[in-house]
file entry.cif (mmCIF, C-alpha atoms and all ligand atoms)
data_my_file
#
loop_
_atom_site.label_atom_id
_atom_site.label_comp_id
_atom_site.auth_asym_id
_atom_site.auth_seq_id
_atom_site.Cartn_x
_atom_site.Cartn_y
_atom_site.Cartn_z
CA MET Z 1 160.00 -203.08 43.45
CA SER Z 2 157.95 -201.96 46.39
CA ARG Z 3 156.30 -204.84 48.13
CA LEU Z 4 155.42 -202.84 51.19
CA HIS Z 5 151.66 -202.68 50.72
CA VAL Z 6 150.84 -205.82 48.77
CA ASP Z 7 153.25 -208.71 48.70
CA HIS Z 8 153.20 -212.34 47.59
CA ALA Z 9 151.66 -213.33 50.94
CA ASP Z 10 148.77 -210.90 50.40
CA ILE Z 11 148.02 -212.36 46.98
CA ALA Z 12 148.21 -215.86 48.47
CA ARG Z 13 145.74 -214.87 51.20
CA PHE Z 14 143.40 -213.26 48.68
CA ALA Z 15 143.51 -216.51 46.68
CA GLU Z 16 142.57 -218.56 49.74
CA ASP Z 17 139.75 -216.21 50.74
CA LYS Z 18 138.22 -215.25 47.41
CA VAL Z 19 139.58 -217.23 44.48
CA ASN Z 20 139.95 -220.90 45.36
CA LEU Z 21 137.20 -223.42 45.76
CA PRO Z 22 137.41 -224.35 49.46
CA ARG Z 23 138.77 -227.85 50.04
CA ASP Z 24 135.66 -229.22 51.78
CA LYS Z 25 133.49 -228.08 48.85
CA ALA Z 26 135.87 -229.67 46.35
CA GLU Z 27 135.74 -232.93 48.28
CA GLU Z 28 131.96 -232.83 48.50
CA TYR Z 29 131.62 -232.29 44.72
CA ARG Z 30 134.18 -234.98 43.90
CA ALA Z 31 132.24 -237.40 46.12
CA GLN Z 32 129.06 -236.49 44.25
CA ALA Z 33 130.73 -237.37 40.93
CA ARG Z 34 132.17 -240.55 42.44
CA ARG Z 35 128.73 -241.76 43.52
CA LEU Z 36 127.42 -241.37 39.97
CA ARG Z 37 130.44 -243.18 38.57
CA GLU Z 38 129.94 -246.06 41.02
CA LYS Z 39 126.25 -246.34 40.17
CA LEU Z 40 127.21 -246.74 36.53
CA GLU Z 41 129.83 -249.36 37.45
CA THR Z 42 127.23 -251.34 39.41
CA TYR Z 43 124.79 -251.19 36.50
CA LEU Z 44 127.51 -252.22 34.03
CA ALA Z 45 128.48 -255.21 36.15
CA GLU Z 46 124.92 -256.48 35.79
CA HIS Z 47 124.52 -255.39 32.13
CA PRO Z 48 127.93 -255.93 30.50
CA ASP Z 49 126.61 -254.99 27.04
CA PHE Z 50 125.50 -251.55 28.18
CA THR Z 51 127.09 -248.92 25.90
CA LEU Z 52 127.99 -246.36 28.58
CA LYS Z 53 131.38 -247.70 29.58
CA LYS Z 54 132.75 -245.26 32.11
CA MET Z 55 132.23 -241.91 33.78
CA MET Z 56 135.24 -239.88 34.73
CA LEU Z 57 135.61 -236.58 36.54
CA SER Z 58 137.25 -234.10 34.16
CA GLY Z 59 137.94 -230.38 34.09
CA SER Z 60 139.11 -228.15 36.89
CA LEU Z 61 137.63 -230.17 39.75
CA ALA Z 62 139.68 -233.17 38.63
CA LYS Z 63 142.81 -231.05 38.14
CA GLY Z 64 142.60 -229.11 41.40
CA THR Z 65 142.28 -225.78 39.59
CA ALA Z 66 138.63 -224.98 40.29
CA LEU Z 67 137.53 -221.53 41.34
CA ARG Z 68 135.11 -220.72 44.10
CA SER Z 69 132.64 -219.69 41.41
CA LEU Z 70 132.51 -223.25 40.02
CA ASN Z 71 128.97 -223.85 38.90
CA ASP Z 72 128.90 -227.38 37.64
CA ILE Z 73 130.76 -230.64 37.96
CA ASP Z 74 132.33 -231.78 34.68
CA VAL Z 75 132.11 -235.50 34.05
CA ALA Z 76 133.06 -237.26 30.81
CA CYS Z 77 131.05 -240.31 29.77
CA TYR Z 78 132.48 -242.90 27.38
CA ILE Z 79 129.97 -244.27 24.90
CA SER Z 80 130.84 -247.28 22.78
CA GLY Z 81 129.10 -249.14 20.05
CA ALA Z 82 127.97 -248.70 16.49
CA SER Z 83 124.43 -247.85 17.59
CA ALA Z 84 125.41 -244.53 19.16
CA PRO Z 85 124.26 -241.64 16.95
CA ARG Z 86 126.93 -239.36 15.41
CA GLU Z 87 124.59 -236.41 15.15
CA ILE Z 88 124.86 -234.25 18.25
CA ALA Z 89 121.23 -233.75 19.33
CA ALA Z 90 120.48 -237.43 18.77
CA LEU Z 91 123.63 -238.43 20.65
CA LEU Z 92 122.60 -236.32 23.67
CA GLU Z 93 119.11 -237.87 23.66
CA TYR Z 94 120.71 -241.29 23.47
CA LEU Z 95 123.04 -240.48 26.38
CA ALA Z 96 120.20 -239.05 28.49
CA GLU Z 97 118.01 -242.07 27.86
CA ARG Z 98 120.79 -244.45 28.94
CA LEU Z 99 121.72 -242.40 31.99
CA ARG Z 100 118.07 -242.63 33.09
CA LYS Z 101 118.34 -246.41 32.76
CA ALA Z 102 121.51 -246.60 34.80
CA PHE Z 103 120.17 -244.20 37.47
CA PRO Z 104 116.59 -245.39 38.01
CA ASN Z 105 116.25 -243.50 41.29
CA PHE Z 106 116.55 -240.21 39.38
CA SER Z 107 113.33 -238.95 37.89
CA PRO Z 108 113.49 -238.47 34.09
CA ASP Z 109 113.40 -234.67 34.40
CA GLN Z 110 116.57 -234.75 36.50
CA VAL Z 111 118.48 -235.93 33.42
CA LYS Z 112 118.29 -233.28 30.69
CA PRO Z 113 120.03 -232.87 27.34
CA GLN Z 114 121.53 -229.39 26.90
CA THR Z 115 123.24 -227.97 23.80
CA TYR Z 116 126.42 -230.07 24.01
CA SER Z 117 126.05 -232.08 27.22
CA VAL Z 118 123.52 -233.73 29.51
CA THR Z 119 122.96 -232.38 33.00
CA VAL Z 120 122.13 -234.58 35.93
CA SER Z 121 120.53 -232.48 38.69
CA PHE Z 122 120.47 -233.50 42.30
CA ARG Z 123 117.63 -232.63 44.59
CA GLY Z 124 118.67 -230.53 47.54
CA THR Z 125 122.36 -229.94 47.93
CA GLY Z 126 125.17 -230.18 45.47
CA LEU Z 127 125.82 -228.82 42.03
CA ASP Z 128 124.51 -230.16 38.74
CA VAL Z 129 126.72 -232.70 37.06
CA ASP Z 130 127.44 -231.83 33.46
CA VAL Z 131 127.96 -235.06 31.52
CA VAL Z 132 129.96 -234.65 28.30
CA PRO Z 133 129.84 -237.51 25.80
CA ILE Z 134 132.94 -239.14 24.37
CA LEU Z 135 132.59 -241.65 21.54
CA TYR Z 136 134.90 -244.46 22.42
CA ASP Z 137 136.16 -247.64 20.84
CA GLY Z 138 138.21 -249.28 23.49
CA ASP Z 139 141.47 -247.31 23.33
CA PRO Z 140 143.62 -248.34 26.34
CA GLN Z 141 144.61 -244.70 27.03
CA TRP Z 142 141.00 -243.59 26.79
CA TYR Z 143 141.39 -241.60 23.62
CA GLY Z 144 137.99 -240.93 22.15
CA ASN Z 145 135.95 -238.30 20.34
CA LEU Z 146 134.98 -235.67 22.88
CA VAL Z 147 132.08 -233.38 22.07
CA SER Z 148 133.53 -229.86 22.15
CA GLN Z 149 131.67 -227.68 24.62
CA ASP Z 150 132.45 -224.68 22.41
CA ASP Z 151 130.89 -225.77 19.12
CA GLY Z 152 129.72 -229.38 19.37
CA THR Z 153 132.35 -230.79 17.03
CA PHE Z 154 134.20 -234.01 17.88
CA LEU Z 155 137.74 -233.62 19.23
CA LYS Z 156 140.02 -236.59 19.49
CA THR Z 157 141.64 -236.39 22.90
CA SER Z 158 142.27 -238.23 26.16
CA ILE Z 159 140.94 -236.91 29.46
CA PRO Z 160 143.14 -239.13 31.69
CA LEU Z 161 146.23 -237.99 29.78
CA HIS Z 162 145.16 -234.37 30.28
CA LEU Z 163 144.89 -235.08 34.00
CA ASP Z 164 148.32 -236.69 33.92
CA PHE Z 165 149.72 -233.66 32.06
CA ALA Z 166 148.31 -231.32 34.71
CA ALA Z 167 149.53 -233.58 37.53
CA ARG Z 168 153.10 -233.43 36.18
CA ARG Z 169 153.10 -229.62 36.19
CA LYS Z 170 151.52 -229.49 39.61
CA ALA Z 171 154.20 -231.85 40.93
CA ALA Z 172 156.97 -229.73 39.34
CA GLN Z 173 155.95 -226.69 41.42
CA LYS Z 174 153.78 -227.89 44.23
CA THR Z 175 150.81 -225.67 45.18
CA HIS Z 176 152.22 -222.74 43.18
CA PHE Z 177 151.46 -223.91 39.63
CA ALA Z 178 147.83 -224.69 40.43
CA GLN Z 179 147.50 -221.45 42.39
CA VAL Z 180 148.77 -219.26 39.58
CA VAL Z 181 146.41 -221.08 37.19
CA ARG Z 182 143.51 -220.18 39.50
CA LEU Z 183 144.63 -216.56 39.83
CA ALA Z 184 144.99 -216.18 36.06
CA LYS Z 185 141.55 -217.75 35.53
CA TYR Z 186 140.13 -215.32 38.07
CA TRP Z 187 141.58 -212.46 36.00
CA THR Z 188 139.92 -213.83 32.84
CA ARG Z 189 136.57 -213.88 34.67
CA LEU Z 190 136.90 -210.17 35.40
CA MET Z 191 137.91 -209.45 31.79
CA LYS Z 192 134.86 -211.38 30.52
CA ARG Z 193 132.68 -209.14 32.65
CA GLU Z 194 134.41 -205.89 31.75
CA ARG Z 195 135.28 -206.33 28.09
CA HIS Z 196 132.55 -207.11 25.62
CA GLY Z 197 133.44 -210.10 23.47
CA PHE Z 198 136.42 -211.15 25.57
CA ARG Z 199 137.04 -214.88 25.70
CA PHE Z 200 139.94 -216.87 27.06
CA LYS Z 201 139.23 -220.50 27.78
CA SER Z 202 140.53 -221.95 31.04
CA PHE Z 203 142.26 -224.82 29.25
CA MET Z 204 144.24 -222.29 27.20
CA VAL Z 205 145.26 -220.32 30.31
CA GLU Z 206 146.51 -223.58 31.78
CA MET Z 207 148.50 -224.42 28.62
CA VAL Z 208 150.16 -220.99 28.50
CA LEU Z 209 151.23 -221.38 32.14
CA ALA Z 210 152.39 -224.95 31.52
CA HIS Z 211 154.53 -223.60 28.68
CA LEU Z 212 156.06 -220.95 30.98
CA LEU Z 213 156.72 -223.60 33.60
CA ASP Z 214 158.47 -225.79 31.04
CA GLU Z 215 160.60 -222.77 30.08
CA GLY Z 216 161.78 -222.53 33.67
CA LEU Z 217 159.56 -219.86 35.21
CA ASP Z 218 159.48 -219.94 39.01
CA PHE Z 219 155.85 -219.80 40.19
CA SER Z 220 156.57 -219.35 43.90
CA ASP Z 221 156.21 -215.56 43.81
CA TYR Z 222 152.69 -214.79 42.64
CA PRO Z 223 153.07 -211.13 41.60
CA GLU Z 224 156.09 -212.08 39.54
CA ALA Z 225 154.56 -215.22 38.01
CA LEU Z 226 151.45 -213.26 37.00
CA GLN Z 227 153.61 -210.50 35.57
CA HIS Z 228 155.42 -213.10 33.43
CA PHE Z 229 152.12 -214.54 32.24
CA PHE Z 230 150.86 -211.11 31.12
CA THR Z 231 154.21 -210.17 29.59
CA TYR Z 232 154.46 -213.43 27.67
CA ILE Z 233 151.05 -212.88 26.07
CA ALA Z 234 151.81 -209.26 25.24
CA ARG Z 235 155.31 -209.93 23.91
CA SER Z 236 154.25 -212.86 21.72
CA SER Z 237 151.08 -211.06 20.57
CA PHE Z 238 149.56 -214.45 21.45
CA ARG Z 239 150.74 -215.63 18.04
CA GLU Z 240 153.53 -217.97 19.16
CA ARG Z 241 152.79 -221.64 18.66
CA ILE Z 242 152.75 -223.58 21.94
CA VAL Z 243 153.64 -227.26 21.71
CA PHE Z 244 154.43 -229.87 24.37
CA SER Z 245 156.38 -233.06 23.87
CA ASP Z 246 155.11 -235.17 26.76
CA TYR Z 247 153.10 -237.54 24.59
CA TYR Z 248 154.43 -237.07 21.03
CA PRO Z 249 157.56 -235.56 19.47
CA ALA Z 250 157.13 -231.82 18.86
CA SER Z 251 158.35 -232.41 15.29
CA THR Z 252 155.16 -234.34 14.46
CA VAL Z 253 153.02 -231.21 14.86
CA GLY Z 254 151.87 -230.15 11.43
CA ARG Z 255 151.02 -226.73 10.02
CA PHE Z 256 148.04 -224.84 11.30
CA THR Z 257 146.58 -221.72 9.77
CA GLU Z 258 144.67 -220.32 12.75
CA PRO Z 259 146.05 -217.16 14.42
CA VAL Z 260 146.35 -218.72 17.89
CA GLN Z 261 148.03 -222.11 18.02
CA ILE Z 262 148.05 -223.94 21.31
CA ILE Z 263 148.30 -227.60 20.44
CA ASP Z 264 146.60 -230.23 22.56
CA PRO Z 265 149.41 -231.92 24.54
CA VAL Z 266 147.85 -235.32 23.82
CA ASN Z 267 146.91 -234.89 20.14
CA ALA Z 268 149.29 -233.15 17.72
CA GLU Z 269 146.43 -232.52 15.30
CA ASN Z 270 144.14 -230.69 17.71
CA ASN Z 271 144.61 -226.93 18.01
CA VAL Z 272 142.90 -226.16 21.31
CA SER Z 273 142.54 -222.48 20.30
CA ARG Z 274 141.36 -223.04 16.74
CA LEU Z 275 138.16 -221.03 17.28
CA TYR Z 276 139.96 -217.81 18.31
CA THR Z 277 139.93 -215.06 15.70
CA ARG Z 278 142.60 -212.39 15.28
CA ALA Z 279 140.31 -209.86 16.95
CA GLN Z 280 139.76 -212.16 19.92
CA ALA Z 281 143.49 -212.81 20.21
CA ASP Z 282 144.12 -209.05 20.10
CA MET Z 283 141.63 -208.48 22.90
CA ILE Z 284 143.56 -210.95 25.05
CA VAL Z 285 146.82 -209.16 24.19
CA ASP Z 286 145.32 -205.76 25.08
CA ALA Z 287 143.96 -207.04 28.36
CA ALA Z 288 147.32 -208.64 29.19
CA LEU Z 289 149.15 -205.37 28.40
CA ASP Z 290 146.84 -203.48 30.73
CA ALA Z 291 147.17 -206.10 33.46
CA GLY Z 292 150.95 -206.09 33.14
CA ASP Z 293 150.98 -202.30 33.45
CA ALA Z 294 148.71 -202.51 36.47
CA VAL Z 295 151.01 -204.98 38.22
CA ASP Z 296 154.01 -202.73 37.48
CA SER Z 297 152.16 -199.72 38.84
CA ALA Z 298 151.03 -201.68 41.91
CA LEU Z 299 154.59 -202.68 42.65
CA ALA Z 300 155.77 -199.07 42.32
CA ALA Z 301 152.89 -197.31 44.06
CA PRO Z 302 153.84 -195.27 47.14
CA THR Z 303 150.65 -195.68 49.14
CA LYS Z 304 148.51 -198.61 50.13
CA GLY Z 305 145.44 -197.03 48.55
CA GLU Z 306 147.13 -196.71 45.16
CA THR Z 307 148.60 -200.20 45.38
CA VAL Z 308 145.20 -201.74 46.03
CA TYR Z 309 143.70 -199.61 43.26
CA TYR Z 310 146.11 -201.15 40.72
CA TRP Z 311 145.64 -204.73 41.94
CA GLN Z 312 141.90 -204.21 41.60
CA LYS Z 313 142.47 -203.61 37.88
CA VAL Z 314 143.69 -207.20 37.75
CA PHE Z 315 141.34 -208.90 40.19
CA GLY Z 316 138.39 -206.56 40.58
CA SER Z 317 136.95 -204.86 43.64
CA SER Z 318 136.93 -208.10 45.63
CA PHE Z 319 140.66 -207.57 46.01
CA GLN Z 320 141.28 -206.04 49.45
CA VAL Z 321 144.13 -206.30 51.88
N1 LIG Z 401 139.78 -227.79 22.68
C1 LIG Z 401 139.96 -228.85 23.49
N2 LIG Z 401 140.61 -229.94 23.07
C2 LIG Z 401 140.77 -231.01 23.86
N3 LIG Z 401 140.32 -231.08 25.13
C3 LIG Z 401 139.68 -230.02 25.61
C4 LIG Z 401 139.46 -228.85 24.83
N4 LIG Z 401 138.78 -227.97 25.58
C5 LIG Z 401 138.58 -228.55 26.78
N5 LIG Z 401 139.13 -229.78 26.81
C6 LIG Z 401 139.10 -230.73 27.93
O1 LIG Z 401 138.09 -230.28 28.81
C7 LIG Z 401 138.64 -229.97 30.10
C8 LIG Z 401 137.96 -228.75 30.68
O2 LIG Z 401 138.30 -227.60 29.95
P1 LIG Z 401 137.91 -226.14 30.46
O3 LIG Z 401 138.47 -225.14 29.50
O4 LIG Z 401 136.46 -226.10 30.79
O5 LIG Z 401 138.76 -226.01 31.76
P2 LIG Z 401 138.50 -226.25 33.29
O6 LIG Z 401 139.83 -226.62 33.81
O7 LIG Z 401 137.39 -227.21 33.53
O8 LIG Z 401 138.14 -224.81 33.81
P3 LIG Z 401 136.79 -224.16 34.45
O9 LIG Z 401 137.07 -224.13 35.91
O10 LIG Z 401 136.77 -222.80 33.84
O11 LIG Z 401 135.65 -225.01 34.05
C9 LIG Z 401 140.14 -229.80 29.84
O12 LIG Z 401 140.90 -230.12 31.01
C10 LIG Z 401 140.39 -230.78 28.72
O13 LIG Z 401 140.53 -232.09 29.24
MG MG Z 402 135.27 -226.95 33.56
#

call {"tool": "encode", "arguments": {"input": "entry.cif", "output": "structure tokens", "more": "lines below"}}
Ligand SMILES: Nc1ncnc2c1ncn2[C@@H]1O[C@H](COP(=O)(O)OP(=O)(O)OP(=O)(O)O)[C@@H](O)[C@H]1O
Ligand SMILES: [Mg+2]
result
Amino acid sequence: MSRLHVDHADIARFAEDKVNLPRDKAEEYRAQARRLREKLETYLAEHPDFTLKKMMLSGSLAKGTALRSLNDIDVACYISGASAPREIAALLEYLAERLRKAFPNFSPDQVKPQTYSVTVSFRGTGLDVDVVPILYDGDPQWYGNLVSQDDGTFLKTSIPLHLDFAARRKAAQKTHFAQVVRLAKYWTRLMKRERHGFRFKSFMVEMVLAHLLDEGLDFSDYPEALQHFFTYIARSSFRERIVFSDYYPASTVGRFTEPVQIIDPVNAENNVSRLYTRAQADMIVDAALDAGDAVDSALAAPTKGETVYYWQKVFGSSFQV
């Protein structure tokens, strides 16, 4: 393998410069979410019967896997009580109306129901906060029915356990696991732009990499870790069931009929990739084959120009050394 022109350190530098959300931005956005959460806590202390029980940062900003291109802050909001509507549009109206109550210094038009969430917009700086409802009846591990951002169905899951799951993998290979997740997500962004109909949800990317980590893959060399990621997808045709046993015995996972089967690490009955068709799975396999070939070619290329050319097939023209 020729590492003369582009080595691990070059990929790491590219990640710092172009891929990762800068630390100060991440802190600023987390503080923004924290202020909303605290406002709700203050309101709840004065109105203990209020049905919005908690707001919690979720998604990549909470996990430390956000990209520079992050465009909203994901926050989950736990809604309890029999009076909360089960129908999605009504539930979002209900959530918006109560958020306006809890945040009286926001004007009503700053709190807007979208298709599957409610956005809270800030005047001036900051990103919008995307509030996703979770129907909740007091589970101590914060299991509840999360509104899927893909199709509006209810998914039984636990956000804090997802964060714990991610934290365990991050601790197993400090900085490197989270970095390879971000690099792989960056690749999917390029594929979404270049390949019509391509989809590959961030949460699925993270689960595939968590699976490789559990199998013993060393993430400390980025070209190699990425190559393993692409090879795994190509070799398995993305048809291998992925199961974790952190929170339930793997043997309790039942039969699924969908082509891609990546089972929620916190709910054995939730296939995180249930919406992916065979054709969509095949597009991911094709893209992974091409990316794997590009990495091989990059590592064998004799000149710097050719090496960069091949890495750009993986990361796009923003990749420069
Ligand atoms: N199908 C699902 N089943 C259960 N939980 C899900 C599912 N999809 C998403 N989630 C929850 O929503 C969170 C955000 O998922 P998403 O795929 O948006 O990833 P992300 O880490 O926020 O990445 P991005 O930076 O692209 O927004 C996940 O960490 C998980 O807690
Ligand atoms: Mg997200």

call {"tool": "atom_distance", "arguments": {"input": "entry.cif", "atom1": "atom C4 of ligand LIG 401 (chain Z)", "atom2": "atom CA of Z:Val272"}}
result
5.6 Å

call {"tool": "closest_residue", "arguments": {"input": "entry.cif", "among": "Z:Leu91, Z:Ala26, Z:Ile262, Z:Val295", "to": "Z:Val132", "atoms": "all atoms listed in the file"}}
result
Z:Leu91

call {"tool": "closest_residue", "arguments": {"input": "entry.cif", "among": "Z:Thr42, Z:Thr188, Z:Gln32, Z:Asn105", "to": "ligand LIG 401 (chain Z)", "atoms": "all atoms listed in the file"}}
result
Z:Thr188

call {"tool": "residues_near_ligand", "arguments": {"input": "entry.cif", "ligand": "ligand MG 402 (chain Z)", "cutoff": "7 Å", "atoms": "all atoms listed in the file", "output": "NGL selection string"}}
result
:Z and (59-60 or 74)

call {"tool": "residues_around", "arguments": {"input": "entry.cif", "residues": "Z:Asp150", "least_positions_apart": "2", "cutoff": "10 Å", "atoms": "only C-alpha atoms", "output": "mmCIF file with C-alpha atoms, in the coordinates of the input"}}
result
data_model
loop_
_atom_site.group_PDB
_atom_site.id
_atom_site.type_symbol
_atom_site.label_atom_id
_atom_site.label_comp_id
_atom_site.auth_asym_id
_atom_site.auth_seq_id
_atom_site.Cartn_x
_atom_site.Cartn_y
_atom_site.Cartn_z
ATOM 1 C CA THR Z 115 123.240 -227.970 23.800
ATOM 2 C CA TYR Z 116 126.420 -230.070 24.010
ATOM 3 C CA VAL Z 147 132.080 -233.380 22.070
ATOM 4 C CA SER Z 148 133.530 -229.860 22.150
ATOM 5 C CA GLY Z 152 129.720 -229.380 19.370
ATOM 6 C CA THR Z 153 132.350 -230.790 17.030
ATOM 7 C CA LYS Z 201 139.230 -220.500 27.780
ATOM 8 C CA LEU Z 275 138.160 -221.030 17.280
#

call {"tool": "atom_distance", "arguments": {"input": "entry.cif", "atom1": "atom CA of Z:Arg68", "atom2": "atom CA of Z:Asn20"}}
result
5.0 Å

call {"tool": "atom_distance", "arguments": {"input": "entry.cif", "atom1": "atom CA of Z:Met56", "atom2": "atom O6 of ligand LIG 401 (chain Z)"}}
result
14.1 Å

call {"tool": "closest_atom_pairs", "arguments": {"input": "entry.cif", "of": "chain Z", "to": "ligand LIG 401 (chain Z)", "cutoff": "7 Å", "atoms": "all atoms listed in the file", "output": "Markdown table"}}
result
| residue | atom | partner | partner_atom | distance |
| --- | --- | --- | --- | --- |
| Z:Ser58 | CA | Z:LIG401 | C7 | 6.0 |
| Z:Gly59 | CA | Z:LIG401 | O7 | 3.3 |
| Z:Ser60 | CA | Z:LIG401 | O6 | 3.5 |
| Z:Leu61 | CA | Z:LIG401 | O7 | 6.9 |
| Z:Lys63 | CA | Z:LIG401 | O6 | 6.9 |
| Z:Thr65 | CA | Z:LIG401 | O6 | 6.3 |
| Z:Ala66 | CA | Z:LIG401 | O9 | 4.7 |
| Z:Leu67 | CA | Z:LIG401 | O9 | 6.0 |
| Z:Leu70 | CA | Z:LIG401 | O9 | 6.2 |
| Z:Asp74 | CA | Z:LIG401 | O7 | 6.9 |
| Z:Ser148 | CA | Z:LIG401 | N4 | 6.5 |
| Z:Leu155 | CA | Z:LIG401 | N2 | 6.0 |
| Z:Thr157 | CA | Z:LIG401 | C2 | 5.5 |
| Z:Ile159 | CA | Z:LIG401 | O13 | 4.8 |
| Z:His162 | CA | Z:LIG401 | O13 | 5.3 |
| Z:Lys201 | CA | Z:LIG401 | O3 | 5.0 |
| Z:Ser202 | CA | Z:LIG401 | O3 | 4.1 |
| Z:Phe203 | CA | Z:LIG401 | O3 | 3.8 |
| Z:Met204 | CA | Z:LIG401 | O3 | 6.8 |
| Z:Asp264 | CA | Z:LIG401 | N2 | 6.0 |
| Z:Asn270 | CA | Z:LIG401 | N2 | 6.5 |
| Z:Asn271 | CA | Z:LIG401 | N1 | 6.8 |
| Z:Val272 | CA | Z:LIG401 | N1 | 3.8 |
| Z:Ser273 | CA | Z:LIG401 | N1 | 6.4 |

call {"tool": "residues_around", "arguments": {"input": "entry.cif", "residues": "stretch 245-252 of chain Z", "least_positions_apart": "4", "cutoff": "12 Å", "atoms": "all atoms listed in the file", "output": "CSV table (one decimal) with C-alpha atoms, in the frame of the given file"}}
result
chain,number,residue,atom,x,y,z
Z,141,GLN,CA,144.6,-244.7,27.0
Z,157,THR,CA,141.6,-236.4,22.9
Z,158,SER,CA,142.3,-238.2,26.2
Z,161,LEU,CA,146.2,-238.0,29.8
Z,162,HIS,CA,145.2,-234.4,30.3
Z,164,ASP,CA,148.3,-236.7,33.9
Z,165,PHE,CA,149.7,-233.7,32.1
Z,166,ALA,CA,148.3,-231.3,34.7
Z,168,ARG,CA,153.1,-233.4,36.2
Z,169,ARG,CA,153.1,-229.6,36.2
Z,210,ALA,CA,152.4,-225.0,31.5
Z,211,HIS,CA,154.5,-223.6,28.7
Z,214,ASP,CA,158.5,-225.8,31.0
Z,241,ARG,CA,152.8,-221.6,18.7
Z,263,ILE,CA,148.3,-227.6,20.4
Z,264,ASP,CA,146.6,-230.2,22.6
Z,265,PRO,CA,149.4,-231.9,24.5
Z,266,VAL,CA,147.8,-235.3,23.8
Z,267,ASN,CA,146.9,-234.9,20.1
Z,268,ALA,CA,149.3,-233.2,17.7
Z,269,GLU,CA,146.4,-232.5,15.3

call {"tool": "closest_residue", "arguments": {"input": "entry.cif", "among": "Z:Tyr276, Z:Gln320, Z:Ala76, Z:Asp221", "to": "Z:Pro160", "atoms": "only C-alpha atoms"}}
result
Z:Ala76

call {"tool": "residues_around", "arguments": {"input": "entry.cif", "residues": "Z:Ala15", "least_positions_apart": "6", "cutoff": "12 Å", "atoms": "only C-alpha atoms", "output": "PyMOL selection string"}}
result
chain Z and resi 8-9+21-22+65-68+175-176+178-187+222+315+318-321

call {"tool": "residues_around", "arguments": {"input": "entry.cif", "residues": "Z:Glu194", "least_positions_apart": "5", "cutoff": "12 Å", "atoms": "only C-alpha atoms", "output": "list in words"}}
result
Trp187, Thr188, Arg189, Arg199, Met283, Ala287, Lys313, Val314, Phe315 and Gly316 of chain Z

call {"tool": "residues_around", "arguments": {"input": "entry.cif", "residues": "Z:Glu28", "least_positions_apart": "5", "cutoff": "9 Å", "atoms": "all atoms listed in the file", "output": "compact mmCIF listing (two decimals) with C-alpha atoms, in the frame of the given file"}}
result
# COMPACT_ATOMS: atom_id res chain seq x y z
CA ARG Z 23 138.77 -227.85 50.04
CA ALA Z 33 130.73 -237.37 40.93
CA GLY Z 126 125.17 -230.18 45.47

call {"tool": "axis_aligned_box", "arguments": {"input": "entry.cif", "around": "stretch 251-254 of chain Z", "padding_each_side": "3 Å", "output": "lines of an AutoDock Vina configuration file"}}
result
center_x = 155.1
center_y = -232.2
center_z = 13.4
size_x = 12.5
size_y = 10.2
size_z = 9.9

call {"tool": "closest_residue", "arguments": {"input": "entry.cif", "among": "Z:Gly305, Z:Arg35, Z:Asp137, Z:Asp130", "to": "Z:Gly81", "atoms": "all atoms listed in the file"}}
result
Z:Asp137

call {"tool": "closest_residue", "arguments": {"input": "entry.cif", "among": "Z:Arg13, Z:Arg123, Z:Lys18, Z:Lys25", "to": "Z:Ser107", "atoms": "all atoms listed in the file"}}
result
Z:Arg123

call {"tool": "closest_residue", "arguments": {"input": "entry.cif", "among": "Z:Leu52, Z:Leu289, Z:Ala102, Z:Ile79", "to": "Z:Leu146", "atoms": "all atoms listed in the file"}}
result
Z:Ile79
